[in-house]
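Chemist: So that you have it, the file is coords.txt, and it contains compact mmCIF, C-alpha atoms and all ligand atoms:
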# COMPACT_ATOMS: atom_id res chain seq x y z
CA MET A 1 133.25 127.49 94.45
CA THR A 2 130.54 126.21 96.75
CA GLU A 3 129.33 128.62 99.40
CA PRO A 4 130.43 127.91 102.97
CA ASN A 5 127.64 126.07 104.76
CA VAL A 6 126.10 128.38 107.38
CA PHE A 7 124.58 125.54 109.41
CA LEU A 8 127.76 123.47 109.65
CA ALA A 9 129.81 126.57 110.49
CA SER A 10 127.32 127.42 113.23
CA ILE A 11 127.40 123.94 114.78
CA ARG A 12 131.20 123.86 114.69
CA GLN A 13 131.35 127.27 116.29
CA GLN A 14 128.86 126.20 118.97
CA MET A 15 130.85 123.04 119.77
CA ASP A 16 134.04 125.04 119.88
CA ARG A 17 132.56 127.57 122.28
CA ALA A 18 131.17 124.79 124.44
CA ALA A 19 134.62 123.15 124.50
CA THR A 20 136.13 126.43 125.65
CA LEU A 21 133.47 127.05 128.30
CA ALA A 22 133.77 123.47 129.56
CA HIS A 23 137.60 123.54 129.47
CA VAL A 24 137.78 120.26 127.57
CA PRO A 25 141.12 119.10 126.18
CA ASP A 26 142.07 120.02 122.62
CA HIS A 27 141.95 116.45 121.35
CA VAL A 28 138.26 116.14 122.32
CA ARG A 29 137.54 119.39 120.52
CA ALA A 30 139.37 118.06 117.44
CA ILE A 31 137.53 114.71 117.49
CA LEU A 32 134.11 116.36 117.70
CA ALA A 33 134.88 118.80 114.87
CA GLU A 34 134.60 116.03 112.22
CA PRO A 35 132.38 112.97 111.78
CA LYS A 36 134.07 109.58 112.12
CA ASN A 37 132.65 108.26 108.86
CA GLU A 38 131.00 109.90 105.87
CA LEU A 39 129.33 107.44 103.58
CA ILE A 40 127.90 108.45 100.17
CA VAL A 41 126.17 105.88 97.98
CA HIS A 42 124.63 106.02 94.50
CA PHE A 43 121.97 103.51 93.61
CA PRO A 44 119.60 102.97 90.67
CA VAL A 45 115.85 102.70 91.14
CA ARG A 46 113.25 101.60 88.62
CA MET A 47 110.55 104.24 88.34
CA ASP A 48 106.89 103.47 87.64
CA ASP A 49 107.27 104.35 83.94
CA GLY A 50 109.98 101.70 83.53
CA SER A 51 112.89 104.14 83.40
CA PHE A 52 115.79 104.03 85.88
CA ARG A 53 116.96 106.92 88.00
CA LEU A 54 120.17 107.18 89.94
CA PHE A 55 119.78 108.43 93.53
CA LYS A 56 122.35 109.76 95.97
CA GLY A 57 122.17 108.65 99.58
CA TYR A 58 124.19 109.52 102.67
CA ARG A 59 124.93 108.23 106.14
CA ILE A 60 127.15 110.38 108.29
CA GLN A 61 128.36 108.72 111.49
CA HIS A 62 129.60 111.45 113.74
CA ASN A 63 130.52 109.72 116.98
CA ASN A 64 129.93 106.39 118.77
CA LEU A 65 131.66 106.95 122.09
CA LEU A 66 128.51 106.57 124.18
CA GLY A 67 126.84 103.85 122.11
CA PRO A 68 125.76 102.92 118.58
CA TYR A 69 125.47 105.72 116.03
CA LYS A 70 121.91 107.07 116.14
CA GLY A 71 119.89 109.54 114.14
CA GLY A 72 117.32 110.14 111.48
CA LEU A 73 117.14 109.74 107.73
CA ARG A 74 116.03 112.76 105.76
CA PHE A 75 114.43 112.45 102.33
CA HIS A 76 114.56 115.94 100.86
CA GLN A 77 115.58 117.47 97.55
CA ASP A 78 118.02 119.88 99.26
CA THR A 79 119.82 117.19 101.28
CA ARG A 80 123.49 118.22 101.41
CA LEU A 81 126.55 116.60 102.89
CA ASP A 82 127.45 119.58 105.07
CA ASP A 83 123.94 119.86 106.52
CA LEU A 84 124.04 116.18 107.42
CA LYS A 85 127.45 116.62 109.02
CA ALA A 86 125.98 119.38 111.19
CA LEU A 87 122.88 117.32 112.01
CA SER A 88 124.95 114.25 112.88
CA ALA A 89 127.07 116.27 115.31
CA GLN A 90 123.88 117.58 116.89
CA MET A 91 122.73 113.99 117.44
CA THR A 92 125.96 113.19 119.31
CA LEU A 93 125.39 116.17 121.58
CA LYS A 94 121.64 115.49 121.95
CA CYS A 95 122.15 111.90 123.12
CA ALA A 96 124.95 113.00 125.47
CA LEU A 97 122.76 115.74 126.93
CA MET A 98 119.84 113.35 127.44
CA ASN A 99 122.02 110.61 128.98
CA ILE A 100 120.97 108.16 126.29
CA PRO A 101 123.55 105.46 125.47
CA PHE A 102 123.81 106.36 121.78
CA GLY A 103 126.21 108.27 119.58
CA GLY A 104 125.23 110.54 116.72
CA ALA A 105 124.51 110.06 113.02
CA LYS A 106 122.32 111.43 110.26
CA GLY A 107 121.63 110.47 106.69
CA GLY A 108 119.19 110.59 103.90
CA VAL A 109 118.44 110.53 100.22
CA LYS A 110 118.46 113.52 97.92
CA CYS A 111 114.92 113.31 96.55
CA ASP A 112 111.53 114.95 96.77
CA PRO A 113 109.34 112.23 98.31
CA SER A 114 106.14 114.09 97.34
CA SER A 115 107.05 113.60 93.66
CA LEU A 116 107.40 109.82 94.10
CA SER A 117 104.60 107.27 94.08
CA SER A 118 104.33 105.04 97.13
CA ASP A 119 105.88 102.15 95.16
CA GLU A 120 108.76 104.35 94.01
CA LEU A 121 109.33 105.55 97.56
CA MET A 122 109.45 101.94 98.71
CA ARG A 123 111.97 100.99 96.03
CA VAL A 124 114.14 104.04 96.84
CA THR A 125 114.07 103.07 100.52
CA ARG A 126 114.86 99.41 99.91
CA ARG A 127 117.69 100.12 97.46
CA PHE A 128 119.13 102.72 99.80
CA THR A 129 119.03 100.25 102.70
CA HIS A 130 120.69 97.64 100.51
CA ALA A 131 123.37 100.14 99.47
CA LEU A 132 124.09 100.94 103.13
CA GLY A 133 124.48 97.21 103.76
CA ALA A 134 126.42 96.42 106.92
CA ASN A 135 127.09 100.11 107.55
CA ILE A 136 123.93 100.12 109.66
CA GLY A 137 123.01 97.55 112.30
CA PRO A 138 121.11 97.13 115.59
CA GLU A 139 124.27 97.45 117.68
CA TYR A 140 126.14 99.70 115.27
CA ASP A 141 124.06 102.41 113.60
CA ILE A 142 120.31 102.81 114.11
CA PRO A 143 118.39 105.11 111.75
CA ALA A 144 115.03 106.73 112.54
CA PRO A 145 112.54 109.12 110.92
CA ASP A 146 113.44 112.71 110.11
CA VAL A 147 112.19 115.24 107.55
CA GLY A 148 110.36 113.43 104.71
CA THR A 149 110.43 109.95 106.27
CA ASP A 150 107.95 108.17 108.52
CA ALA A 151 107.03 104.88 110.19
CA GLN A 152 106.29 103.26 106.82
CA VAL A 153 109.78 104.09 105.53
CA MET A 154 111.27 102.67 108.74
CA VAL A 155 109.30 99.43 108.33
CA TRP A 156 110.60 99.05 104.74
CA ILE A 157 114.15 99.55 106.04
CA MET A 158 113.59 96.98 108.78
CA ASP A 159 112.13 94.47 106.34
CA THR A 160 114.92 94.92 103.80
CA TYR A 161 117.61 94.65 106.45
CA MET A 162 116.03 91.57 108.07
CA ASN A 163 115.68 89.84 104.71
CA THR A 164 119.31 90.33 103.83
CA ALA A 165 120.78 89.65 107.25
CA GLY A 166 120.54 85.85 107.12
CA TYR A 167 118.15 83.44 108.80
CA SER A 168 119.62 82.98 112.25
CA GLY A 169 118.75 85.67 114.72
CA ARG A 170 116.58 87.43 112.18
CA ASN A 171 114.23 88.87 114.77
CA ALA A 172 117.06 90.43 116.70
CA GLN A 173 117.60 92.62 113.63
CA GLN A 174 114.24 94.34 114.09
CA ARG A 175 115.82 97.08 116.16
CA VAL A 176 118.06 98.19 113.30
CA VAL A 177 115.63 101.12 113.04
CA THR A 178 113.36 102.97 115.44
CA GLY A 179 110.22 104.92 114.69
CA LYS A 180 108.56 101.83 113.23
CA SER A 181 104.78 101.40 113.30
CA VAL A 182 103.48 99.82 116.51
CA GLU A 183 102.24 96.81 114.51
CA CYS A 184 105.73 96.15 113.16
CA GLY A 185 107.67 96.47 116.40
CA GLY A 186 107.55 100.19 117.07
CA THR A 187 106.62 101.63 120.44
CA GLU A 188 103.53 103.37 121.67
CA GLY A 189 104.11 107.09 121.82
CA ARG A 190 106.95 107.43 119.27
CA ALA A 191 104.84 109.29 116.69
CA GLN A 192 103.91 112.04 119.18
CA ALA A 193 107.18 111.94 121.12
CA THR A 194 108.95 114.97 119.66
CA GLY A 195 105.82 117.14 119.96
CA LYS A 196 105.29 115.94 123.53
CA GLY A 197 108.89 116.83 124.37
CA VAL A 198 108.50 120.30 122.85
CA VAL A 199 105.42 120.88 125.00
CA HIS A 200 107.14 119.57 128.17
CA CYS A 201 109.75 122.28 127.60
CA ILE A 202 107.01 124.88 127.19
CA THR A 203 105.24 123.81 130.38
CA GLU A 204 108.51 123.85 132.35
CA TRP A 205 109.34 127.31 131.01
CA ALA A 206 105.88 128.54 132.03
CA ARG A 207 106.01 126.82 135.44
CA GLU A 208 109.37 128.43 136.28
CA ARG A 209 107.90 131.84 135.55
CA GLY A 210 104.50 131.26 137.19
CA ILE A 211 102.76 131.71 133.84
CA ALA A 212 99.46 129.91 133.12
CA LEU A 213 99.44 128.51 129.58
CA GLU A 214 95.69 128.52 129.16
CA GLY A 215 94.68 131.39 126.87
CA LYS A 216 98.20 131.91 125.50
CA THR A 217 98.94 131.95 121.77
CA ALA A 218 101.45 130.13 119.57
CA LEU A 219 102.88 130.17 116.05
CA VAL A 220 103.95 126.87 114.52
CA GLN A 221 106.21 126.72 111.46
CA GLY A 222 106.05 123.31 109.77
CA TYR A 223 103.03 121.04 110.10
CA GLY A 224 104.70 117.67 109.76
CA LYS A 225 105.37 115.07 112.44
CA VAL A 226 106.71 117.58 114.95
CA GLY A 227 104.60 120.68 114.23
CA SER A 228 101.25 118.91 113.99
CA HIS A 229 101.62 117.03 117.28
CA THR A 230 102.94 120.12 119.02
CA ALA A 231 99.88 122.08 117.85
CA LEU A 232 97.52 119.31 118.93
CA ILE A 233 99.00 119.01 122.41
CA LEU A 234 99.19 122.78 122.86
CA SER A 235 95.51 123.09 121.88
CA LYS A 236 94.60 120.55 124.56
CA LEU A 237 96.36 122.79 127.10
CA GLY A 238 94.25 125.75 125.98
CA VAL A 239 97.02 127.41 123.92
CA SER A 240 95.58 128.85 120.75
CA VAL A 241 97.57 128.25 117.54
CA VAL A 242 97.12 131.56 115.72
CA GLY A 243 99.64 131.08 112.91
CA VAL A 244 100.94 128.14 110.90
CA GLY A 245 103.24 127.76 107.93
CA ASP A 246 104.93 125.18 105.75
CA HIS A 247 106.84 125.01 102.45
CA THR A 248 103.69 126.13 100.57
CA GLY A 249 102.96 129.28 102.58
CA TYR A 250 101.67 130.79 105.81
CA ARG A 251 98.25 131.40 107.40
CA LEU A 252 97.05 133.43 110.36
CA ASN A 253 93.87 133.04 112.36
CA PRO A 254 93.31 135.24 115.43
CA GLU A 255 90.55 132.84 116.55
CA GLY A 256 93.04 129.96 116.60
CA PHE A 257 93.20 127.04 114.16
CA ASN A 258 91.56 123.72 114.89
CA ALA A 259 94.80 121.72 115.18
CA HIS A 260 93.06 118.38 114.74
CA ARG A 261 91.20 119.41 111.60
CA MET A 262 94.37 120.88 110.15
CA ALA A 263 96.28 117.66 110.84
CA GLU A 264 93.57 115.71 108.97
CA TYR A 265 93.77 118.18 106.09
CA VAL A 266 97.58 117.91 105.87
CA LYS A 267 97.41 114.13 105.93
CA LYS A 268 95.12 114.23 102.91
CA ASN A 269 96.64 117.15 100.99
CA ARG A 270 100.30 116.88 102.11
CA SER A 271 100.44 120.60 102.98
CA ILE A 272 98.41 123.43 104.49
CA GLU A 273 97.91 125.01 101.04
CA GLY A 274 94.26 125.96 100.52
CA TYR A 275 93.26 125.24 104.12
CA PRO A 276 89.75 126.63 104.47
CA ALA A 277 90.19 128.73 107.63
CA GLY A 278 92.18 131.79 108.55
CA GLU A 279 93.86 134.08 106.03
CA ALA A 280 96.90 133.42 103.87
CA CYS A 281 99.77 135.74 104.77
CA SER A 282 103.40 136.36 103.83
CA ARG A 283 106.34 134.73 105.56
CA ALA A 284 107.28 138.15 106.95
CA ASP A 285 103.77 138.65 108.39
CA PHE A 286 103.93 135.24 110.05
CA PHE A 287 107.19 136.04 111.82
CA ALA A 288 105.94 139.51 112.79
CA GLN A 289 102.70 138.19 114.27
CA GLU A 290 102.24 138.85 117.95
CA ALA A 291 102.03 135.62 119.99
CA ASP A 292 103.49 134.16 123.18
CA ILE A 293 105.34 131.19 121.73
CA LEU A 294 106.98 130.32 118.41
CA VAL A 295 107.75 126.72 117.56
CA PRO A 296 109.87 126.45 114.41
CA ALA A 297 109.34 122.81 113.42
CA ALA A 298 110.37 122.81 109.76
CA LEU A 299 113.99 123.07 108.62
CA GLN A 300 117.30 124.66 109.61
CA ASN A 301 118.24 128.30 108.87
CA GLN A 302 114.81 129.89 109.27
CA ILE A 303 115.40 132.68 111.78
CA GLY A 304 118.21 135.07 110.94
CA ALA A 305 118.77 138.58 112.26
CA GLY A 306 115.99 139.88 109.97
CA GLU A 307 113.30 137.59 111.33
CA ALA A 308 114.61 137.89 114.90
CA LYS A 309 114.20 141.67 114.82
CA THR A 310 110.53 141.47 113.83
CA LEU A 311 109.44 138.66 116.17
CA LYS A 312 106.83 139.54 118.78
CA VAL A 313 107.01 136.38 120.90
CA LYS A 314 108.41 135.69 124.38
CA LEU A 315 109.64 132.16 123.80
CA ILE A 316 111.06 130.12 120.92
CA VAL A 317 111.19 126.34 121.26
CA GLU A 318 113.22 124.69 118.52
CA GLY A 319 111.20 121.70 117.33
CA ALA A 320 113.40 121.58 114.23
CA ASN A 321 117.16 121.14 114.26
CA GLY A 322 119.04 124.40 113.71
CA PRO A 323 116.15 126.75 112.87
CA VAL A 324 117.81 129.79 114.50
CA MET A 325 120.94 131.06 112.76
CA PRO A 326 123.85 132.58 114.73
CA ASP A 327 123.01 136.17 113.76
CA GLY A 328 119.39 135.50 114.73
CA ASP A 329 120.48 134.05 118.05
CA ALA A 330 122.49 137.17 118.86
CA VAL A 331 119.46 139.41 118.21
CA LEU A 332 117.19 137.16 120.29
CA GLN A 333 119.60 137.30 123.23
CA GLU A 334 119.82 141.07 122.95
CA ARG A 335 116.02 141.35 122.84
CA GLY A 336 115.57 139.01 125.81
CA ILE A 337 113.53 136.44 123.87
CA ASP A 338 113.99 133.02 125.51
CA VAL A 339 115.15 130.15 123.32
CA VAL A 340 114.89 126.48 124.26
CA PRO A 341 117.53 124.97 121.96
CA ASP A 342 116.99 122.05 119.58
CA LEU A 343 119.27 119.66 121.49
CA LEU A 344 116.80 119.79 124.36
CA ALA A 345 113.55 120.88 122.72
CA ASN A 346 113.28 118.10 120.14
CA ALA A 347 115.03 115.37 122.14
CA GLY A 348 111.71 113.62 122.88
CA GLY A 349 112.02 111.86 119.53
CA VAL A 350 115.33 110.14 120.09
CA THR A 351 114.45 109.51 123.74
CA VAL A 352 111.43 107.43 122.75
CA SER A 353 113.51 105.85 119.96
CA TYR A 354 115.74 104.61 122.75
CA TYR A 355 112.71 103.16 124.57
CA GLU A 356 111.73 101.38 121.36
CA TRP A 357 115.22 99.92 120.95
CA VAL A 358 115.23 98.73 124.58
CA GLN A 359 111.78 97.13 124.23
CA ASN A 360 112.81 95.33 121.01
CA GLY A 361 115.99 94.07 122.66
CA ARG A 362 114.15 92.71 125.71
CA GLN A 363 111.04 91.51 123.87
CA GLU A 364 108.97 93.85 126.00
CA ILE A 365 105.92 95.93 125.17
CA TRP A 366 105.41 99.05 127.22
CA ASP A 367 102.02 100.77 127.37
CA SER A 368 101.62 104.43 126.47
CA GLU A 369 101.44 105.46 130.16
CA LYS A 370 104.86 103.99 130.80
CA VAL A 371 106.40 105.58 127.69
CA GLU A 372 104.83 108.95 128.34
CA GLY A 373 105.66 108.93 132.05
CA ARG A 374 109.32 108.16 131.39
CA LEU A 375 109.50 110.71 128.59
CA GLU A 376 108.00 113.42 130.77
CA ARG A 377 110.43 112.76 133.62
CA SER A 378 113.38 112.62 131.28
CA MET A 379 112.46 115.84 129.45
CA LYS A 380 111.72 117.76 132.63
CA ARG A 381 114.94 116.65 134.28
CA ALA A 382 116.95 117.60 131.22
CA TYR A 383 115.19 120.97 131.09
CA GLN A 384 116.09 121.58 134.74
CA ARG A 385 119.73 120.57 134.20
CA VAL A 386 120.03 123.01 131.31
CA ALA A 387 118.14 125.84 132.99
CA GLU A 388 120.14 125.47 136.20
CA ARG A 389 123.47 125.48 134.40
CA ALA A 390 122.40 128.52 132.39
CA ARG A 391 121.43 130.36 135.58
CA GLU A 392 124.54 129.37 137.52
CA GLN A 393 127.01 130.48 134.91
CA GLY A 394 125.12 133.15 133.02
CA PHE A 395 124.93 131.01 129.87
CA SER A 396 122.14 131.00 127.33
CA MET A 397 120.09 127.78 127.36
CA ARG A 398 121.86 126.85 124.10
CA GLU A 399 125.31 127.31 125.61
CA ALA A 400 124.30 125.39 128.70
CA ALA A 401 122.95 122.44 126.67
CA ASN A 402 126.08 122.32 124.53
CA VAL A 403 128.37 122.56 127.57
CA LEU A 404 126.57 119.75 129.43
CA ALA A 405 126.80 117.51 126.35
CA VAL A 406 130.45 118.23 125.60
CA GLU A 407 131.41 117.79 129.26
CA ARG A 408 129.83 114.36 129.36
CA LEU A 409 131.70 113.27 126.24
CA ALA A 410 134.95 114.70 127.61
CA ARG A 411 134.52 112.82 130.91
CA VAL A 412 134.12 109.54 129.05
CA TYR A 413 137.13 110.24 126.81
CA ALA A 414 139.16 111.06 129.93
CA GLU A 415 138.35 107.70 131.51
CA ARG A 416 138.53 105.52 128.40
CA MET A 417 141.43 107.38 126.81
CA ILE A 418 142.07 107.22 123.07
CA PHE A 419 142.76 103.82 121.52
CA PRO A 420 145.40 102.34 121.26
N1 LIG B 1 115.37 112.70 113.65
C1 LIG B 1 115.14 112.90 115.04
C2 LIG B 1 116.13 113.89 115.62
O1 LIG B 1 116.64 114.73 114.94
C3 LIG B 1 115.06 111.59 115.80
C4 LIG B 1 116.26 110.72 115.74
C5 LIG B 1 116.08 109.34 116.34
O2 LIG B 1 115.01 109.03 116.83
O3 LIG B 1 117.05 108.58 116.28
O4 LIG B 1 116.38 113.91 116.80
As structure tokens, how would this structure be written, given the file I've shared?
Ligand code: GLU
Modeler:
Amino acid sequence: MTEPNVFLASIRQQMDRAATLAHVPDHVRAILAEPKNELIVHFPVRMDDGSFRLFKGYRIQHNNLLGPYKGGLRFHQDTRLDDLKALSAQMTLKCALMNIPFGGAKGGVKCDPSSLSSDELMRVTRRFTHALGANIGPEYDIPAPDVGTDAQVMVWIMDTYMNTAGYSGRNAQQRVVTGKSVECGGTEGRAQATGKGVVHCITEWARERGIALEGKTALVQGYGKVGSHTALILSKLGVSVVGVGDHTGYRLNPEGFNAHRMAEYVKKNRSIEGYPAGEACSRADFFAQEADILVPAALQNQIGAGEAKTLKVKLIVEGANGPVMPDGDAVLQERGIDVVPDLLANAGGVTVSYYEWVQNGRQEIWDSEKVEGRLERSMKRAYQRVAERAREQGFSMREAANVLAVERLARVYAERMIFP
């Protein structure tokens, strides 16, 4: 017997509660409970030593009511179908909350990218793209980076897709993925977008409460694309990053880490292990460290009741998807620790993915001021919508975000009706 998946159960329960709070019809609740399509592929890849290995890849297409399926690809050894089902549903809600004309999807390959050479990673990516075939497409399903994938992986996907899509209209296929490098058709500002969005949420939270951020302290779990940029932007605002952690361990530094130097170190060494500043500490010490803000920016299921009881922070901003578990959430509510939920907190990524897709479609190139200005307005407006709804109805920010998303979907279903 496989264990019930905590993350999927939590997302289903959250959607169900949102459906109840928003009084949406039962058929909408039923539709959202399952993805539309679940695709699993197996494909062989030649490894550097000449041997062949069979890989398992996934693409879960949750919903395309508001637009093409949209969401990241995760390359991780623990990639599981049920996690991807949960993550794909979150993408549907995230795009609905942000008023972006996309649906929700998620996918990935079960592999440890750090154990692959760059050539092997390229062949895995290209074979996976080939195996997905016409199940992705610029008007149908648009992947993007997620845990363990980056701009380079997106460019390989784009190139493989364009080379197999036929000669006519080849360039229109470029927007089959977002999160590409700027040189290869990506947008300015995508790499930092999720971190920027996280920090916009933090500044709004502080502004609402009349708190000055300068001199405040933060803990950042995960020092990848989201965590590193969050730390860098926070440092520029005078927030001191006093604790960091990743899959190799945790470190504390009451003086504050140099976020830029740490990002350089992680780029070279692929983790914070052995970083020559601060002190190594246990996971428990990291979560018990006193600070103003915690940004979990690693994986799901990190903060259960145990961690939530020991936390000494005022605010949690979910850079990752699903880092707080339901029992953790209950303790945080009881303790009055504010949580900006993932749907809102990390929506900067998909928002700028949308800008990239629009630019590709119109053959436009926006400068970073335009991207950043639009992102800031969009994040701040979304934050206000969620905060206002939470205040008006006594919801948590998480409930409010889920309700706003589910309501939007329900309104569209009500007007379009169900085919045929
Ligand atoms: N993987 C990111 C997320 O979870 C970004 C998805 C996208 O840009 O499509 O939101």
Chemist: May I ask which of the residues A:Leu87, A:Cys111, A:Val41, A:Ala298 is the closest one to ligand LIG 1 (chain B), counting all atoms listed in the file?
Modeler: A:Leu87
Chemist: Find the residue from A:Ala22, A:Asp82, A:Arg362, A:Ile11 that sits nearest to Ala400 in chain A; use all atoms listed in the file when measuring.
Modeler: A:Ala22
Chemist: What gap, in Å, lies between CA of Ile316 in chain A and atom C5 of ligand LIG 1 (chain B)?
Modeler: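 About the pair CA of Ile316 in chain A and atom C5 of ligand LIG 1 (chain B): they are 21.9 Å apart.
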Chemist: So what do you get for CA of Asn37 in chain A versus CA of Ile142 in chain A, distance-wise?
Modeler: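 For CA of Asn37 in chain A relative to CA of Ile142 in chain A, the distance reads 14.5 Å.
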Chemist: I'd like the contact shell of Leu39 in chain A - 12 Å cut-off, all atoms listed in the file, skipping same-chain residues fewer than 2 positions apart - returned as a VMD selection string.
Modeler: chain A and resid 35 to 37 41 to 42 56 to 62 81 84 to 85 105 to 109 128 131 to 136
Chemist: Which residues are close to Pro323 in chain A, i.e. within 12 Å by only C-alpha atoms, leaving aside same-chain residues fewer than 6 positions away? Reply as a count of residues only.
Modeler: 30
Chemist: From the list A:Gln384, A:Ser181, A:Thr217, A:Ser282, which residue is nearest Asp246 in chain A when using only C-alpha atoms?
Modeler: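 Closest residue, counting only C-alpha atoms: A:Ser282.
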Chemist: Pick the closest to Val177 in chain A from A:Pro113, A:Gly278, A:Gly72, A:Pro25: which is it, counting all atoms listed in the file?
Modeler: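 With all atoms listed in the file as the atom set, the closest residue is A:Gly72.
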Chemist: Using all atoms listed in the file, which residues of chain A come within 8 Å of ligand LIG 1 (chain B), and what is the closest atom pair for each, with the distance in Å to one decimal? Give it as CSV, sorted by chain and residue number.
Modeler:
residue,atom,partner,partner_atom,distance
A:Lys70,CA,B:LIG1,O3,5.1
A:Gly71,CA,B:LIG1,O3,3.7
A:Gly72,CA,B:LIG1,N1,3.9
A:Leu73,CA,B:LIG1,N1,6.9
A:Arg74,CA,B:LIG1,N1,7.9
A:Leu87,CA,B:LIG1,O1,7.4
A:Met91,CA,B:LIG1,O4,6.4
A:Lys94,CA,B:LIG1,O4,7.5
A:Lys106,CA,B:LIG1,N1,7.8
A:Ile142,CA,B:LIG1,O3,7.0
A:Pro143,CA,B:LIG1,O3,5.9
A:Ala144,CA,B:LIG1,O3,4.6
A:Pro145,CA,B:LIG1,N1,5.3
A:Asp146,CA,B:LIG1,N1,4.0
A:Val147,CA,B:LIG1,N1,7.3
A:Thr178,CA,B:LIG1,O2,6.4
A:Gly179,CA,B:LIG1,O2,6.7
A:Thr194,CA,B:LIG1,C3,8.0
A:Ala320,CA,B:LIG1,O1,7.6
A:Asn321,CA,B:LIG1,O1,6.5
A:Leu343,CA,B:LIG1,O4,8.0
A:Asn346,CA,B:LIG1,O4,6.2
A:Ala347,CA,B:LIG1,O4,5.7
A:Gly348,CA,B:LIG1,O4,7.7
A:Gly349,CA,B:LIG1,C3,4.8
A:Val350,CA,B:LIG1,O2,3.5
A:Thr351,CA,B:LIG1,O2,6.9
A:Val352,CA,B:LIG1,O2,7.1
A:Ser353,CA,B:LIG1,O2,4.7
A:Tyr354,CA,B:LIG1,O2,7.4
Chemist: So which one's closest to Gly306 in chain A, A:Pro44, A:Gly328, A:Gly322, A:Gly103? Using only C-alpha atoms, please.
Modeler: A:Gly328
Chemist: Within 10 Å of Met262 in chain A, counting all atoms listed in the file, which residues qualify if same-chain residues fewer than 3 places away don't, as a PyMOL selection string?
Modeler: chain A and resi 223+228+231-232+244+257-259+265-268+271-272+275-277
Chemist: Just give me the gap between CA of Ala390 in chain A and CA of Tyr69 in chain A in Å, one decimal is fine.
Modeler: 28.2 Å
Chemist: From the list A:Gly104, A:Gly186, A:Pro68, A:Gly137, which residue is nearest Glu364 in chain A when using only C-alpha atoms?
Modeler: A:Gly186
Chemist: Residues at most 10 Å from Val386 in chain A, counting only C-alpha atoms, excluding those fewer than 2 positions away in the same chain, as a compact mmCIF listing (two decimals) with C-alpha atoms, keeping the file's coordinate frame?
Modeler:
# COMPACT_ATOMS: atom_id res chain seq x y z
CA LEU A 97 122.76 115.74 126.93
CA VAL A 340 114.89 126.48 124.26
CA PRO A 341 117.53 124.97 121.96
CA LEU A 344 116.80 119.79 124.36
CA LYS A 380 111.72 117.76 132.63
CA ARG A 381 114.94 116.65 134.28
CA ALA A 382 116.95 117.60 131.22
CA TYR A 383 115.19 120.97 131.09
CA GLN A 384 116.09 121.58 134.74
CA GLU A 388 120.14 125.47 136.20
CA ARG A 389 123.47 125.48 134.40
CA ALA A 390 122.40 128.52 132.39
CA ARG A 391 121.43 130.36 135.58
CA GLU A 392 124.54 129.37 137.52
CA PHE A 395 124.93 131.01 129.87
CA SER A 396 122.14 131.00 127.33
CA MET A 397 120.09 127.78 127.36
CA ARG A 398 121.86 126.85 124.10
CA GLU A 399 125.31 127.31 125.61
CA ALA A 400 124.30 125.39 128.70
CA ALA A 401 122.95 122.44 126.67
CA ASN A 402 126.08 122.32 124.53
CA VAL A 403 128.37 122.56 127.57
CA LEU A 404 126.57 119.75 129.43
Chemist: Counting only C-alpha atoms, write as number ranges by chain all protein and nucleic acid residues lying at most 10 Å from (112.4, 136.2, 124.0) in the file's frame.
Modeler: A: 292-294, 308, 311-316, 331-339
